[in-house]
file start-v2.txt (compact mmCIF, C-alpha atoms)
# COMPACT_ATOMS: atom_id res chain seq x y z
CA MET A 1080 -15.81 -11.22 3.83
CA SER A 1081 -14.71 -8.19 5.85
CA ASN A 1082 -11.97 -5.83 4.72
CA ARG A 1083 -9.72 -7.28 7.43
CA ASP A 1084 -10.38 -10.83 6.24
CA GLN A 1085 -9.51 -9.83 2.66
CA ASN A 1086 -6.29 -8.19 3.86
CA ARG A 1087 -5.33 -11.32 5.77
CA GLN A 1088 -6.24 -13.50 2.82
CA PHE A 1089 -3.95 -11.57 0.49
CA ARG A 1090 -1.12 -11.78 3.01
CA ALA A 1091 -1.62 -15.53 3.40
CA ALA A 1092 -1.77 -16.01 -0.38
CA VAL A 1093 1.53 -14.17 -0.87
CA ARG A 1094 3.18 -16.42 1.68
CA GLU A 1095 1.73 -19.52 0.09
CA ILE A 1096 3.05 -18.43 -3.32
CA GLU A 1097 6.47 -17.91 -1.76
CA ARG A 1098 6.36 -21.32 -0.09
CA ILE A 1099 5.54 -23.04 -3.39
CA LEU A 1100 8.12 -21.05 -5.37
CA GLY A 1101 10.75 -21.50 -2.65
CA ARG A 1102 11.67 -17.85 -2.61
CA GLU A 1103 10.43 -14.53 -1.28
CA LEU A 1104 8.55 -12.24 -3.62
CA THR A 1105 9.85 -8.71 -3.97
CA GLU A 1106 7.79 -5.68 -3.03
CA GLU A 1107 7.44 -4.99 -6.76
CA GLU A 1108 5.97 -8.47 -7.24
CA TRP A 1109 3.55 -7.99 -4.32
CA ASP A 1110 2.43 -4.80 -6.00
CA ARG A 1111 2.01 -6.40 -9.42
CA LEU A 1112 0.02 -9.25 -7.89
CA HIS A 1113 -2.19 -6.80 -6.02
CA ARG A 1114 -2.94 -4.89 -9.22
CA GLU A 1115 -3.76 -8.14 -11.00
CA VAL A 1116 -6.28 -9.37 -8.41
CA THR A 1117 -7.86 -6.03 -7.42
CA LYS A 1118 -11.59 -5.94 -8.14
CA MET A 1119 -11.56 -9.57 -9.27
CA GLY A 1120 -13.17 -10.88 -6.09
CA PHE A 1121 -10.69 -13.74 -6.00
CA ASP A 1122 -10.59 -16.26 -3.18
CA PHE A 1123 -7.34 -17.54 -1.66
CA GLU A 1124 -6.88 -20.29 -4.26
CA ASN A 1125 -7.34 -17.92 -7.18
CA ILE A 1126 -4.88 -15.38 -5.79
CA VAL A 1127 -2.31 -18.14 -5.34
CA ARG A 1128 -2.96 -19.48 -8.83
CA THR A 1129 -2.61 -15.98 -10.30
CA GLY A 1130 0.65 -15.38 -8.45
CA LEU A 1131 2.12 -18.68 -9.54
CA SER A 1132 1.24 -17.98 -13.17
CA MET A 1133 2.90 -14.56 -12.93
CA PHE A 1134 6.08 -15.47 -11.11
CA SER A 1135 6.87 -19.13 -11.89
CA MET B 156 21.57 6.05 8.36
CA GLN B 157 18.38 7.82 9.32
CA ILE B 158 15.81 7.98 6.51
CA ASN B 159 14.04 11.29 6.06
CA VAL B 160 10.52 10.18 5.11
CA GLY B 161 9.28 13.71 4.42
CA GLN B 162 12.18 14.41 2.09
CA ILE B 163 11.43 11.34 -0.02
CA PHE B 164 7.86 12.55 -0.58
CA GLN B 165 9.05 16.02 -1.58
CA PRO B 166 8.75 15.44 -5.37
CA VAL B 167 5.00 14.70 -5.15
CA ILE B 168 4.06 17.53 -2.81
CA GLY B 169 1.70 19.83 -4.66
CA MET B 170 0.64 17.09 -7.08
CA THR B 171 -2.97 15.94 -7.34
CA PRO B 172 -3.02 12.13 -7.43
CA ALA B 173 -3.53 10.87 -10.97
CA ARG B 174 -5.47 8.07 -9.33
CA ALA B 175 -6.58 7.05 -5.83
CA LYS B 176 -8.22 3.64 -5.66
CA LEU B 177 -9.45 1.08 -3.17
CA GLY B 178 -7.80 -2.27 -3.80
CA VAL B 179 -8.12 -5.62 -2.07
CA GLY B 180 -9.77 -5.35 1.37
CA SER B 181 -8.87 -1.96 2.81
CA PHE B 182 -5.71 -1.46 0.75
CA ILE B 183 -5.51 1.90 -1.03
CA THR B 184 -3.27 2.82 -3.94
CA PHE B 185 -2.26 6.27 -5.14
CA ASP B 186 -0.53 7.09 -8.41
CA PHE B 187 1.30 10.38 -8.87
CA GLY B 188 2.79 11.83 -12.01
CA PRO B 189 2.49 10.50 -15.55
CA LEU B 190 1.01 7.04 -15.96
CA SER B 191 2.74 4.27 -17.86
CA ARG B 192 1.75 0.70 -18.63
CA ILE B 193 3.07 -2.12 -16.44
CA ASP B 194 1.71 -5.55 -17.36
CA HIS B 195 -1.68 -4.33 -18.61
CA HIS B 196 -2.23 -1.74 -15.87
CA MET B 197 -1.52 1.98 -15.81
CA VAL B 198 0.82 2.98 -12.97
CA GLY B 199 2.10 6.37 -11.89
CA LYS B 200 5.73 7.45 -11.84
CA TRP B 201 5.35 7.47 -8.05
CA HIS B 202 3.08 4.85 -6.52
CA LEU B 203 1.90 4.72 -2.91
CA TRP B 204 0.31 1.56 -1.55
CA ILE B 205 -1.40 1.60 1.85
CA TYR B 206 -1.00 -2.05 2.73
CA GLN B 207 -1.36 -4.08 5.94
CA SER B 208 -2.53 -1.37 8.33
CA TYR B 209 -5.39 0.28 10.10
CA TRP B 210 -6.17 3.67 8.59
CA SER B 211 -8.57 6.51 9.14
CA LEU B 212 -9.50 9.30 6.71
CA SER B 213 -10.57 12.55 8.32
CA ASP B 214 -11.77 15.88 7.00
CA LYS B 215 -10.95 18.82 9.26
CA GLN B 216 -10.14 16.34 12.06
CA ARG B 217 -13.51 14.56 11.75
CA GLU B 218 -13.31 10.93 10.63
CA ILE B 219 -15.30 10.22 7.48
CA VAL B 220 -14.27 6.60 6.83
CA ASN B 221 -11.80 4.06 8.16
CA ALA B 222 -10.32 0.72 7.11
CA ASP B 223 -13.34 -1.15 8.46
CA SER B 224 -15.98 0.99 6.72
CA ASP B 225 -18.29 -0.29 4.02
CA ARG B 226 -16.37 -0.38 0.73
CA ARG B 227 -19.03 1.77 -0.99
CA TYR B 228 -18.35 4.61 1.45
CA ILE B 229 -14.59 4.13 1.20
CA ASN B 230 -14.78 4.39 -2.59
CA LEU B 231 -16.73 7.64 -2.38
CA ALA B 232 -14.34 9.13 0.17
CA ILE B 233 -11.18 8.11 -1.65
CA ALA B 234 -12.48 9.62 -4.88
CA ARG B 235 -12.28 13.00 -3.15
CA LEU B 236 -8.52 12.58 -2.86
CA GLU B 237 -8.21 12.71 -6.66
CA ASN B 238 -9.29 16.33 -6.53
CA VAL B 239 -6.92 17.71 -3.91
CA LYS B 240 -3.21 18.27 -3.88
CA PHE B 241 -0.97 16.14 -1.75
CA SER B 242 0.42 18.53 0.83
CA GLY B 243 2.87 16.44 2.81
CA VAL B 244 3.48 13.66 5.25
CA LYS B 245 3.99 13.61 8.99
CA PHE B 246 5.73 10.52 10.32
CA ASP B 247 6.27 9.50 13.93
CA VAL B 248 9.29 7.23 14.16
CA ASN B 249 8.34 5.94 17.61
CA SER B 250 4.75 4.86 16.94
CA LEU B 251 5.38 4.31 13.19
CA GLU B 252 2.17 6.26 12.60
CA THR B 253 2.02 8.19 9.33
CA ASP B 254 -0.27 11.07 8.45
CA PHE B 255 -0.64 11.64 4.70
CA ARG B 256 -2.08 15.09 4.09
CA PHE B 257 -4.23 16.24 1.21
CA GLY B 258 -5.16 19.73 2.31
CA GLU B 259 -7.78 19.34 5.05
CA LEU B 260 -8.08 15.61 4.35
CA HIS B 261 -5.73 13.52 6.45
CA LEU B 262 -5.13 9.79 5.95
CA THR B 263 -3.66 8.42 9.16
CA VAL B 264 -2.03 5.00 8.86
CA ARG B 265 -0.97 2.87 11.78
CA ARG B 266 -0.04 -0.68 12.78
CA PRO B 267 -2.83 -3.20 12.05
CA ASP B 268 -4.57 -4.94 14.93
CA TYR B 269 -5.94 -7.82 12.85
CA ILE B 270 -2.71 -9.81 12.39
CA GLY B 271 -1.69 -11.92 15.34
CA GLU B 272 2.06 -11.89 14.93
CA LEU B 273 3.47 -9.22 12.68
CA ASP B 274 6.88 -9.84 11.20
CA ASP B 275 9.44 -7.78 9.33
CA ARG B 276 7.67 -8.40 6.01
CA ASP B 277 4.46 -6.76 7.17
CA HIS B 278 4.61 -3.28 5.69
CA PHE B 279 1.98 -0.73 6.69
CA TRP B 280 2.62 1.18 3.49
CA MET B 281 5.06 1.30 0.57
CA PHE B 282 6.08 4.19 -1.66
CA PHE B 283 7.51 3.10 -5.01
CA LEU B 284 9.95 5.59 -6.51
CA PRO B 285 10.94 6.19 -10.15
CA ASN B 286 14.45 4.87 -9.43
CA LYS B 287 13.01 1.42 -8.54
CA GLN B 288 13.53 1.93 -4.83
CA VAL B 289 10.72 1.46 -2.37
CA LEU B 290 10.30 3.30 0.90
CA SER B 291 8.39 1.17 3.39
CA VAL B 292 7.16 1.56 6.93
CA GLY B 293 6.18 -1.53 8.82
CA GLU B 294 6.98 -3.83 11.67
CA SER B 295 10.68 -3.64 10.80
CA GLY B 296 10.62 0.16 10.94
CA VAL B 297 11.52 2.46 8.06
CA ASN B 298 13.36 0.94 5.12
CA LEU B 299 14.53 2.15 1.73
CA THR B 300 15.33 -0.82 -0.47
CA SER B 301 15.38 -1.94 -4.07
CA ALA B 302 11.80 -2.78 -5.05
CA ASP B 303 12.80 -5.53 -7.44
CA ARG B 304 15.23 -7.39 -5.22
CA ALA B 305 14.18 -9.93 -2.59
CA ARG B 306 15.62 -9.11 0.78
CA GLN B 307 18.14 -11.47 2.30
CA ARG B 308 16.94 -13.37 5.28
CA ALA B 309 18.98 -12.77 8.45

call {"tool": "encode", "arguments": {"input": "start-v2.txt", "output": "structure tokens"}}
result
Amino acid sequence: MSNRDQNRQFRAAVREIERILGRELTEEEWDRLHREVTKMGFDFENIVRTGLSMFS
Amino acid sequence: MQINVGQIFQPVIGMTPARAKLGVGSFITFDFGPLSRIDHHMVGKWHLWIYQSYWSLSDKQREIVNADSDRRYINLAIARLENVKFSGVKFDVNSLETDFRFGELHLTVRRPDYIGELDDRDHFWMFFLPNKQVLSVGESGVNLTSADRARQRA
């Protein structure tokens, strides 16, 4: 997956987390999520799952 | 109120980044100042996140890597930034292009071309401050907001 594809995937995952939670994440939460998934090689589903476990 | 981007970076000018790391995709994070633990990660007192953007890193005006480069080469190039002092930022309010300067190394950040329709939540970069505010530049322009508060939808 290209760098661009990974960037887009993270963006899409954040928006999916927000859709499920029914609220926008804050910039601080975006940042915490990014730290959590960096270097993990997560796919879309795993990023969403991680975000939901952090912010639900 | 006009936000003076250069002024907000003033406290970290002359500091060597405690850490400069490649994150997801082409995202880059910088930590300045003392590190403290957040969740189970170490984070600087000031934290810069190059987010949804196209960027280019140049040395003496010659590009060495960009956002589309192989991650191995990006990692090597970014590691160099941990050994040089941050010397300032040049921001163009019209193009929203930002030039982060580390001596002769310049990291130029601009609007991404890989997202079809950018919206006001697409930040090109964010600078997290010790007072919990975040300075961001993105499709909605320059904003200084509370980092831990969701923005109200218009």

call {"tool": "closest_residue", "arguments": {"input": "start-v2.txt", "among": "B:Met197, B:Val179, B:Ile205, B:Leu190", "to": "Ile1126 in chain A", "atoms": "only C-alpha atoms"}}
result
B:Val179

call {"tool": "residues_around", "arguments": {"input": "start-v2.txt", "residues": "range 231-237 of chain B", "least_positions_apart": "6", "cutoff": "7 Å", "atoms": "only C-alpha atoms", "output": "VMD selection string"}}
result
chain B and resid 171 to 176 257

call {"tool": "atom_distance", "arguments": {"input": "start-v2.txt", "atom1": "CA of Gly188 in chain B", "atom2": "CA of Met281 in chain B"}}
result
16.6 Å

call {"tool": "atom_distance", "arguments": {"input": "start-v2.txt", "atom1": "CA of His261 in chain B", "atom2": "CA of Arg1083 in chain A"}}
result
21.2 Å

call {"tool": "atom_distance", "arguments": {"input": "start-v2.txt", "atom1": "CA of Asp1122 in chain A", "atom2": "CA of Gln1088 in chain A"}}
result
7.9 Å

call {"tool": "closest_residue", "arguments": {"input": "start-v2.txt", "among": "A:Lys1118, A:Arg1128, A:Phe1123, A:Val1093", "to": "Glu1106 in chain A", "atoms": "all atoms listed in the file"}}
result
A:Val1093

call {"tool": "interface_residues", "arguments": {"input": "start-v2.txt", "of": "chain B", "to": "chain A", "cutoff": "10 Å", "atoms": "all atoms listed in the file", "output": "ChimeraX atom specification"}}
result
/B:176-182,184,193-198,202,204,206-209,222-226,267-270,276-278,281,283,287-289,291,300-308

call {"tool": "build_atoms", "arguments": {"input": "start-v2.txt", "residues": "range 1089-1114 of chain A", "atoms": "N, CA and C atoms", "output": "compact mmCIF listing (two decimals), in the coordinates of the input"}}
result
# COMPACT_ATOMS: atom_id res chain seq x y z
N PHE A 1089 -5.00 -11.93 1.45
CA PHE A 1089 -3.95 -11.57 0.49
C PHE A 1089 -2.58 -11.88 1.07
N ARG A 1090 -2.40 -11.52 2.33
CA ARG A 1090 -1.12 -11.78 3.01
C ARG A 1090 -0.81 -13.28 3.01
N ALA A 1091 -1.82 -14.09 3.35
CA ALA A 1091 -1.62 -15.53 3.40
C ALA A 1091 -1.32 -16.09 2.01
N ALA A 1092 -1.99 -15.53 0.99
CA ALA A 1092 -1.77 -16.01 -0.38
C ALA A 1092 -0.35 -15.71 -0.84
N VAL A 1093 0.15 -14.51 -0.50
CA VAL A 1093 1.53 -14.17 -0.87
C VAL A 1093 2.50 -15.17 -0.25
N ARG A 1094 2.26 -15.50 1.00
CA ARG A 1094 3.18 -16.42 1.68
C ARG A 1094 3.07 -17.85 1.14
N GLU A 1095 1.88 -18.20 0.69
CA GLU A 1095 1.73 -19.52 0.09
C GLU A 1095 2.44 -19.57 -1.27
N ILE A 1096 2.33 -18.50 -2.04
CA ILE A 1096 3.05 -18.43 -3.32
C ILE A 1096 4.55 -18.57 -3.08
N GLU A 1097 5.04 -17.87 -2.08
CA GLU A 1097 6.47 -17.91 -1.76
C GLU A 1097 6.89 -19.32 -1.32
N ARG A 1098 6.02 -19.96 -0.56
CA ARG A 1098 6.36 -21.32 -0.09
C ARG A 1098 6.47 -22.26 -1.29
N ILE A 1099 5.53 -22.15 -2.22
CA ILE A 1099 5.54 -23.04 -3.39
C ILE A 1099 6.73 -22.73 -4.30
N LEU A 1100 7.00 -21.43 -4.49
CA LEU A 1100 8.12 -21.05 -5.37
C LEU A 1100 9.47 -21.27 -4.70
N GLY A 1101 9.48 -21.32 -3.38
CA GLY A 1101 10.75 -21.50 -2.65
C GLY A 1101 11.59 -20.25 -2.59
N ARG A 1102 10.96 -19.12 -2.72
CA ARG A 1102 11.67 -17.85 -2.61
C ARG A 1102 10.71 -16.75 -2.16
N GLU A 1103 11.26 -15.67 -1.63
CA GLU A 1103 10.43 -14.53 -1.28
C GLU A 1103 10.09 -13.73 -2.52
N LEU A 1104 8.88 -13.20 -2.58
CA LEU A 1104 8.55 -12.24 -3.62
C LEU A 1104 9.11 -10.88 -3.23
N THR A 1105 9.40 -10.07 -4.22
CA THR A 1105 9.85 -8.71 -3.97
C THR A 1105 8.62 -7.81 -3.75
N GLU A 1106 8.88 -6.64 -3.20
CA GLU A 1106 7.79 -5.68 -3.03
C GLU A 1106 7.15 -5.35 -4.38
N GLU A 1107 7.97 -5.27 -5.42
CA GLU A 1107 7.44 -4.99 -6.76
C GLU A 1107 6.50 -6.12 -7.20
N GLU A 1108 6.84 -7.35 -6.88
CA GLU A 1108 5.97 -8.47 -7.24
C GLU A 1108 4.68 -8.46 -6.41
N TRP A 1109 4.79 -8.12 -5.13
CA TRP A 1109 3.55 -7.99 -4.32
C TRP A 1109 2.62 -7.00 -5.00
N ASP A 1110 3.21 -5.88 -5.42
CA ASP A 1110 2.43 -4.80 -6.00
C ASP A 1110 1.79 -5.23 -7.32
N ARG A 1111 2.56 -5.92 -8.15
CA ARG A 1111 2.01 -6.40 -9.42
C ARG A 1111 0.88 -7.40 -9.18
N LEU A 1112 1.07 -8.28 -8.21
CA LEU A 1112 0.02 -9.25 -7.89
C LEU A 1112 -1.23 -8.53 -7.40
N HIS A 1113 -1.04 -7.54 -6.55
CA HIS A 1113 -2.19 -6.80 -6.02
C HIS A 1113 -2.97 -6.13 -7.15
N ARG A 1114 -2.26 -5.53 -8.10
CA ARG A 1114 -2.94 -4.89 -9.22
C ARG A 1114 -3.74 -5.92 -10.03
